[in-house]
Structures are given as structure tokens and as C-alpha cells.
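Participant: Pasting a structure below so you can have a look.
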Amino acid sequence: MLSSTGIALLAFVIYWSILEFLKSRGKLEKYGMSSIGPMLMIRTKKGLQLLEKLSKPKLFWRVFANIGTPAVFMGMVFFFALILIGTFKIITSPPPPSQVTEPRNMLLIPWVNQIFPPEYLLVGLIVTLIVHELSHAILCRVEGVKVKALGVLLVLIPIGGFAEPDEKELMENTTRGQRIRIFSAGVISNFAVAAIAFTCFFYLLGFLSPHIVIAGVEEGIDLKVGDIVEEINGIEVKSAEDVTRALLHGDYVKIKTKEGEVVLPKVTGVRIMGLYTDYPAEKAGLKKGMIIFRIDNVNTPTLYAFKKYMDSTTPGQTITVYVYNNTNNASKVEVYNVTLTHSPIGNSGFMGVEVSEYIS
């Protein structure tokens, strides 16, 4: 059975073969298309009338471009510096191999990146392309440059777009300032859309009321997945910090939800849901299902407490991990010494476990 990579390669070969066949028969040119290797360029004159309407407020677009041009130059310097610094850090202290650090996951390309859902990446890519190229085209018309066509570049999926101006008019009938506005328009508009999106996102966050929700329940416990926790041990909880504070009190855990109250014996910590192969936790002998309730002399009753302590560790540091082992129906406390490696994200230590909160 073919892997996902094999299927993608097969689809690409079939696509390219069809493209070359249509090109050899003159079918692409008939419909205003052309190809260079596997890249298909689709041109259209549709939308040019809309372009004329959008470009009518010329003063607005010129002011918009003039204000945004300095941001383009600052962004160019910033991102170039970011690339240099990132390259230097990767060369001098390469992170351990992981899904996060795979080269394909550095690229925000649908069906290439394995971390982000492809449909979200595709929507983002399409919005970016439309805004970017439409802005170039609008500024061309604002400055009196004819736009011959609009188009998109495809290699199975959209990888780019273009507004095709009359190059002779662009280079001979415009000043340097006009050309700068035209060339900068796409990036300026992308910055503007990003600013609007972030503003809306953080504005809407203010309307959210945080809740602690039951994510998993063992048999025999009178709670349901999705129940909203109102109080733990008499303390109102709305955040991970509140849960940590509440679990420090009492020998039992009293959980109050909208459905009622449940009292549980106090075994709190983070359950190991999975281990990274050949990472310190696995090498030390930790197993899936164990509950980590203390690291060194610090209790870790919640995911927040666990992450907070791990963020304070360093690569090469040896930590003492206390676990409640009920993996073989022989519940007992065990102690493991784990020497940490580099975290794939940040400079803290990393033991190589996937964990979730556990209360029993």
C-alpha cells in the first residue's frame, strides 16, 4: 500500500503528464493558459471591470501605500534578521529530531505541513494571494498603468498569483515613487489584513468566559466528559492556576459541577499518555499510564504545575520523577532518575512524554 508521500508523488506525476499532453495539443493556449514545467499559469480578464471600480478612490490608495511603504522596508529588515538568527541557532545548537523540527513542517503549505490542518492553510493561502495580487493591480490602475490580466499559478494546488501589468507603461510612464507604491502594495495589504485579523481575534477573546472542563473519566466515577467544573475543594476554579491551588488542600478531592458534587481519594498528577522513542523518559523506564505526581521536591498535581516546573529545567539536568504506577494492577509509588535532553521548543529540558491531567 502506498504511503501518503507515495500517493502525493503519483498524483504529481499524473498531473504533470496531463499538463504536458494538453500543452502539446495546444489546448492550454486556447483557454488562456500556459505552463512552465509542472507550473500552470491561468490568466483571465474577468475582474478587470471590478478593478476599475475599486481603484476610483485614488487619494485613499496613494495615502494607504505611502503610509505602508516604511512598514514594508522595516519588515524586510526584520524578517531578514530573523532568518539569519534562526539559521545561526540551528547551525550552532541544532534541536533534536522531532515532528516539529522536520523541514516540511517549517513550510505552511497545505498537505505538506503535518501540524496545521490543510484546509486552514489553504484558506489562508487563498486569502493572502487574492489580497496581495489584487492590491498590486489596484495600485497599477491608480497610477495609470494598464492591467492586461489577472491570474493564478498552480502546481496541483495554488502556489502563487499575479497581476499582469503593461510593462512598458509601468517602466516608462511612471515615476520611482509610483513604482514603489505599486510594488509595495501587496505586502502592505497583507500586513493590513493580518492586523485586522489579530485585532478581531483578541477582541473576541474578551467575550470568552474560561472554564475547566472534564476531558476524560475512568469507570466508576460519577462524572461525564464535558462537565464544567465550578469548584474543587470549595475553591472556585476558572484556570489551571486555580486548579493547582485548590488541589493543595485536603486529603480528598471534592469536585463540584453543575450536575452535583463528587468526592474522590486524592491521587493527583499528570498521566503519561505516550512516550517519545529513544528519549530520556523511555530510557529511564517510565511507561504509558503512570501518573507523575512529583518532580524533585515539587508536587505536580496539574498539567500547569508540571509544565511550569519543566520550563525551569535545563538540558543535561537529572531530575527525580515520582510516579504512581497502576499499569499492572499493582498500584505503588516508584522513583526514576531522568537526565533531560533539549526541548524541541525553547531552551528548557525535555524528558519526552505526552501527558494529560489526572485526578482520582
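Residues in the C-alpha cells are named by chain (A, B, ... in the order shown) and by number from 1 within that chain; ligands are numbered from 1 in the order shown.
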List the neighbours of Thr313 of chain A out to 9 Å using only C-alpha atoms; skip same-chain residues closer than 4 positions along the sequence, and give me the result as a list of chain:residue names.

Facilitator: A:Tyr309, A:Gln317, A:Ile319, A:Leu340, A:Asn347, A:Ser348, A:Gly349, A:Phe350

Participant: Keeping only C-alpha atoms, write the selected residues to a file as a short mmCIF file (atom, residue, chain, number, x, y, z; two decimals), in the first residue's frame.

Facilitator:
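Produced file part_4.cif, reproduced below:
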```cif
data_model
loop_
_atom_site.label_atom_id
_atom_site.label_comp_id
_atom_site.auth_asym_id
_atom_site.auth_seq_id
_atom_site.Cartn_x
_atom_site.Cartn_y
_atom_site.Cartn_z
CA TYR A 309 8.48 23.04 36.60
CA GLN A 317 19.89 18.16 34.24
CA ILE A 319 15.57 15.10 37.78
CA LEU A 340 16.86 15.59 30.34
CA ASN A 347 15.80 26.10 25.81
CA SER A 348 14.36 24.07 28.69
CA GLY A 349 14.87 20.40 29.46
CA PHE A 350 12.72 17.69 27.88
#
```

Participant: Please identify the strand (DSSP E or B) residues within segment 85-237 of chain A (assignment by DSSP from backbone atoms) and present them as a ChimeraX atom specification.

Facilitator: /A:147-155,157-165,212-213,228-232,235-236

Participant: Export C-alpha atoms of the chosen residues as a tab-separated table (two decimals), in the first residue's frame?

Facilitator:
```tsv
chain	number	residue	atom	x	y	z
A	147	VAL	CA	-3.52	45.70	-16.27
A	148	LYS	CA	-3.66	43.08	-19.04
A	149	ALA	CA	-4.87	40.15	-16.96
A	150	LEU	CA	-5.14	38.60	-13.53
A	151	GLY	CA	-4.02	35.06	-12.87
A	152	VAL	CA	-3.06	32.24	-10.57
A	153	LEU	CA	-0.12	29.79	-10.50
A	154	LEU	CA	-0.87	26.15	-9.77
A	155	VAL	CA	1.22	23.09	-9.04
A	157	ILE	CA	-2.62	23.48	-5.52
A	158	PRO	CA	-2.40	27.30	-5.70
A	159	ILE	CA	1.18	28.41	-5.02
A	160	GLY	CA	1.01	31.98	-6.26
A	161	GLY	CA	-0.89	34.60	-8.17
A	162	PHE	CA	-0.11	37.52	-10.41
A	163	ALA	CA	-1.45	40.74	-11.86
A	164	GLU	CA	-0.02	41.23	-15.34
A	165	PRO	CA	0.62	44.96	-15.97
A	212	ILE	CA	-12.33	23.94	33.50
A	213	VAL	CA	-13.88	21.02	31.60
A	228	ILE	CA	-17.87	22.05	33.63
A	229	VAL	CA	-16.04	22.14	36.97
A	230	GLU	CA	-17.21	25.00	39.19
A	231	GLU	CA	-15.30	24.29	42.41
A	232	ILE	CA	-12.58	21.98	43.71
A	235	ILE	CA	-12.42	26.90	45.77
A	236	GLU	CA	-13.85	28.37	42.56
```

Participant: Between A:Pro103, A:Pro315, A:Pro110, A:Gly177, which one has atoms that come closest to Leu122 of chain A, using only C-alpha atoms?

Facilitator: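 Among A:Pro103, A:Pro315, A:Pro110, A:Gly177, it is A:Pro110 that comes nearest to Leu122 of chain A.
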
Participant: Quick one: DSSP helix (DSSP H, G or I) residues in segment 140-285 of chain A, as a compact mmCIF listing (two decimals) with N, CA and C atoms, in the first residue's frame?

Facilitator:
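This went into result_27.txt:
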```txt
# COMPACT_ATOMS: atom_id res chain seq x y z
N CYS A 140 -1.75 49.68 -9.74
CA CYS A 140 -1.41 49.90 -11.16
C CYS A 140 -2.42 50.84 -11.80
N ARG A 141 -3.71 50.57 -11.58
CA ARG A 141 -4.74 51.42 -12.18
C ARG A 141 -4.76 52.81 -11.56
N VAL A 142 -4.49 52.89 -10.24
CA VAL A 142 -4.42 54.21 -9.58
C VAL A 142 -3.34 55.07 -10.23
N GLU A 167 4.10 46.22 -19.02
CA GLU A 167 5.45 46.51 -18.52
C GLU A 167 6.03 47.78 -19.11
N LYS A 168 5.71 48.07 -20.37
CA LYS A 168 6.22 49.29 -21.00
C LYS A 168 5.68 50.52 -20.29
N GLU A 169 4.36 50.53 -20.02
CA GLU A 169 3.76 51.65 -19.29
C GLU A 169 4.32 51.73 -17.88
N LEU A 170 4.50 50.58 -17.25
CA LEU A 170 4.99 50.54 -15.87
C LEU A 170 6.38 51.16 -15.75
N MET A 171 7.27 50.85 -16.68
CA MET A 171 8.66 51.30 -16.57
C MET A 171 8.89 52.68 -17.20
N GLU A 172 8.07 53.06 -18.19
CA GLU A 172 8.33 54.31 -18.91
C GLU A 172 7.41 55.46 -18.51
N ARG A 176 9.58 56.96 -9.95
CA ARG A 176 10.10 55.97 -9.00
C ARG A 176 9.14 55.80 -7.83
N GLY A 177 8.58 56.92 -7.33
CA GLY A 177 7.65 56.85 -6.21
C GLY A 177 6.41 56.05 -6.55
N GLN A 178 5.90 56.22 -7.78
CA GLN A 178 4.73 55.45 -8.21
C GLN A 178 5.04 53.96 -8.28
N ARG A 179 6.21 53.63 -8.79
CA ARG A 179 6.59 52.21 -8.89
C ARG A 179 6.75 51.59 -7.51
N ILE A 180 7.32 52.35 -6.57
CA ILE A 180 7.47 51.83 -5.20
C ILE A 180 6.10 51.53 -4.61
N ARG A 181 5.13 52.43 -4.83
CA ARG A 181 3.78 52.19 -4.31
C ARG A 181 3.17 50.93 -4.93
N ILE A 182 3.36 50.77 -6.24
CA ILE A 182 2.80 49.59 -6.92
C ILE A 182 3.44 48.30 -6.40
N PHE A 183 4.78 48.29 -6.29
CA PHE A 183 5.48 47.07 -5.87
C PHE A 183 5.23 46.75 -4.40
N SER A 184 4.99 47.77 -3.57
CA SER A 184 4.80 47.55 -2.13
C SER A 184 3.36 47.22 -1.77
N ALA A 185 2.43 47.49 -2.67
CA ALA A 185 1.01 47.40 -2.34
C ALA A 185 0.59 46.03 -1.80
N GLY A 186 1.10 44.96 -2.40
CA GLY A 186 0.70 43.62 -1.98
C GLY A 186 1.06 43.32 -0.55
N VAL A 187 2.31 43.61 -0.19
CA VAL A 187 2.77 43.34 1.18
C VAL A 187 2.05 44.23 2.18
N ILE A 188 1.85 45.50 1.81
CA ILE A 188 1.14 46.43 2.71
C ILE A 188 -0.26 45.89 3.02
N SER A 189 -0.96 45.44 1.99
CA SER A 189 -2.32 44.92 2.19
C SER A 189 -2.31 43.64 3.02
N ASN A 190 -1.31 42.78 2.83
CA ASN A 190 -1.19 41.57 3.67
C ASN A 190 -0.98 41.95 5.13
N PHE A 191 -0.14 42.95 5.39
CA PHE A 191 0.06 43.44 6.75
C PHE A 191 -1.26 43.95 7.33
N ALA A 192 -2.01 44.71 6.51
CA ALA A 192 -3.27 45.29 6.97
C ALA A 192 -4.28 44.21 7.32
N VAL A 193 -4.40 43.19 6.47
CA VAL A 193 -5.34 42.09 6.73
C VAL A 193 -4.93 41.34 7.99
N ALA A 194 -3.62 41.11 8.17
CA ALA A 194 -3.12 40.43 9.37
C ALA A 194 -3.46 41.24 10.62
N ALA A 195 -3.28 42.57 10.55
CA ALA A 195 -3.58 43.43 11.69
C ALA A 195 -5.07 43.38 12.03
N ILE A 196 -5.92 43.40 11.01
CA ILE A 196 -7.37 43.32 11.23
C ILE A 196 -7.74 41.97 11.85
N ALA A 197 -7.15 40.89 11.33
CA ALA A 197 -7.45 39.54 11.84
C ALA A 197 -7.04 39.40 13.30
N PHE A 198 -5.83 39.87 13.64
CA PHE A 198 -5.37 39.78 15.03
C PHE A 198 -6.24 40.64 15.95
N THR A 199 -6.63 41.82 15.48
CA THR A 199 -7.49 42.69 16.29
C THR A 199 -8.82 42.01 16.59
N CYS A 200 -9.43 41.43 15.57
CA CYS A 200 -10.71 40.72 15.76
C CYS A 200 -10.54 39.53 16.70
N PHE A 201 -9.44 38.79 16.52
CA PHE A 201 -9.19 37.60 17.35
C PHE A 201 -9.09 37.97 18.83
N PHE A 202 -8.24 38.96 19.14
CA PHE A 202 -8.04 39.32 20.54
C PHE A 202 -9.25 40.06 21.12
N TYR A 203 -9.98 40.78 20.27
CA TYR A 203 -11.20 41.45 20.73
C TYR A 203 -12.24 40.41 21.14
N LEU A 204 -12.41 39.37 20.32
CA LEU A 204 -13.40 38.34 20.62
C LEU A 204 -13.02 37.50 21.84
N LEU A 205 -11.71 37.40 22.12
CA LEU A 205 -11.28 36.65 23.30
C LEU A 205 -11.86 37.24 24.58
N ALA A 240 -6.01 27.02 35.06
CA ALA A 240 -5.11 25.96 35.51
C ALA A 240 -4.47 26.32 36.84
N GLU A 241 -4.17 27.61 37.04
CA GLU A 241 -3.58 28.05 38.31
C GLU A 241 -4.55 27.81 39.47
N ASP A 242 -5.85 28.06 39.23
CA ASP A 242 -6.86 27.83 40.27
C ASP A 242 -6.92 26.36 40.66
N VAL A 243 -6.85 25.48 39.66
CA VAL A 243 -6.89 24.03 39.92
C VAL A 243 -5.69 23.62 40.76
N THR A 244 -4.51 24.11 40.41
CA THR A 244 -3.29 23.79 41.17
C THR A 244 -3.44 24.22 42.61
N ARG A 245 -3.94 25.43 42.83
CA ARG A 245 -4.10 25.97 44.18
C ARG A 245 -5.12 25.15 44.97
N ALA A 246 -6.22 24.77 44.32
CA ALA A 246 -7.27 24.02 45.01
C ALA A 246 -6.82 22.62 45.40
N LEU A 247 -6.00 21.99 44.59
CA LEU A 247 -5.58 20.61 44.86
C LEU A 247 -4.54 20.51 45.96
N PRO A 280 14.67 10.44 26.99
CA PRO A 280 15.07 10.11 28.36
C PRO A 280 14.03 9.35 29.18
N ALA A 281 12.75 9.73 29.08
CA ALA A 281 11.73 9.07 29.90
C ALA A 281 11.64 7.58 29.58
N GLU A 282 11.64 7.25 28.30
CA GLU A 282 11.57 5.85 27.89
C GLU A 282 12.81 5.10 28.34
N LYS A 283 13.98 5.73 28.17
CA LYS A 283 15.24 5.08 28.56
C LYS A 283 15.31 4.84 30.07
N ALA A 284 14.68 5.75 30.84
CA ALA A 284 14.72 5.61 32.30
C ALA A 284 13.76 4.54 32.81
```

Participant: As a list in words, please: the residues near Arg62 of chain A (cut-off 8 Å, only C-alpha atoms, same-chain neighbours under 3 positions excluded).

Facilitator: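 That gives Lys58, Leu59, Ala65, Asn66, Leu139, Val142 and Arg181 of chain A.
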
Participant: Out of A:Arg25, A:Gly75, A:Ile345, A:Gly234, which residue has the shortest atom-to-atom distance to Lys254 of chain A when counting only C-alpha atoms?

Facilitator: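 Of the candidates, the smallest distance to Lys254 of chain A is held by A:Gly234.
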
Participant: Select from segment 58-173 of chain A every residue with an atom at most 12 Å from any atom of segment 260-277 of chain A, then for each give the shortest pair of atoms and their distance in Å to one decimal, using only C-alpha atoms, rows by chain and rising number, as CSV.

Facilitator:
```
residue,atom,partner,partner_atom,distance
A:Pro96,CA,A:Tyr276,CA,11.7
A:Pro97,CA,A:Tyr276,CA,10.9
A:Ser98,CA,A:Tyr276,CA,9.1
A:Gln99,CA,A:Tyr276,CA,10.8
```

Participant: Could you tell me how far atom CA of Ile255 of chain A sits from atom CA of Lys224 of chain A, in Å to one decimal place?

Facilitator: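 Distance between the two atoms: 12.2 Å.
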
Participant: So how many Å separate atom CA of Ile14 of chain A and atom CA of Met106 of chain A, to one decimal?

Facilitator: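 Atom-to-atom, atom CA of Ile14 of chain A and atom CA of Met106 of chain A are spaced 26.7 Å apart.
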
Participant: Hey, which of A:Leu84, A:Ser24, A:Asn297, A:Pro344 ends up closest to Glu102 of chain A? Count only C-alpha atoms.

Facilitator: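 The shortest atom-to-atom distance to Glu102 of chain A comes from A:Pro344.
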
Participant: What's the separation between atom CA of Glu133 of chain A and atom CA of Leu48 of chain A, in Å to one decimal place?

Facilitator: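 One can read the atom CA of Glu133 of chain A to atom CA of Leu48 of chain A distance as 12.6 Å.
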
Participant: Taking only C-alpha atoms into account, name the residue in A:Val77, A:Ala215, A:Val323, A:Ile138 that is nearest to Lys56 of chain A.

Facilitator: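 For Lys56 of chain A, the nearest of the candidates is A:Ile138.
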
Participant: Need to verify the contact set: Val335 of chain A, 9 Å, only C-alpha atoms, exclusion of same-chain residues closer than 6 positions in sequence. Can you return it as an mmCIF file with C-alpha atoms, in the first residue's frame?

Facilitator:
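The file below, around03.cif, is the result:
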```
data_model
loop_
_atom_site.group_PDB
_atom_site.id
_atom_site.type_symbol
_atom_site.label_atom_id
_atom_site.label_comp_id
_atom_site.auth_asym_id
_atom_site.auth_seq_id
_atom_site.Cartn_x
_atom_site.Cartn_y
_atom_site.Cartn_z
ATOM 1 C CA THR A 320 13.898 12.696 40.210
ATOM 2 C CA VAL A 321 10.446 11.696 38.991
ATOM 3 C CA TYR A 322 7.925 10.232 41.442
ATOM 4 C CA VAL A 323 5.149 8.205 39.831
ATOM 5 C CA TYR A 324 2.079 6.300 40.905
#
```
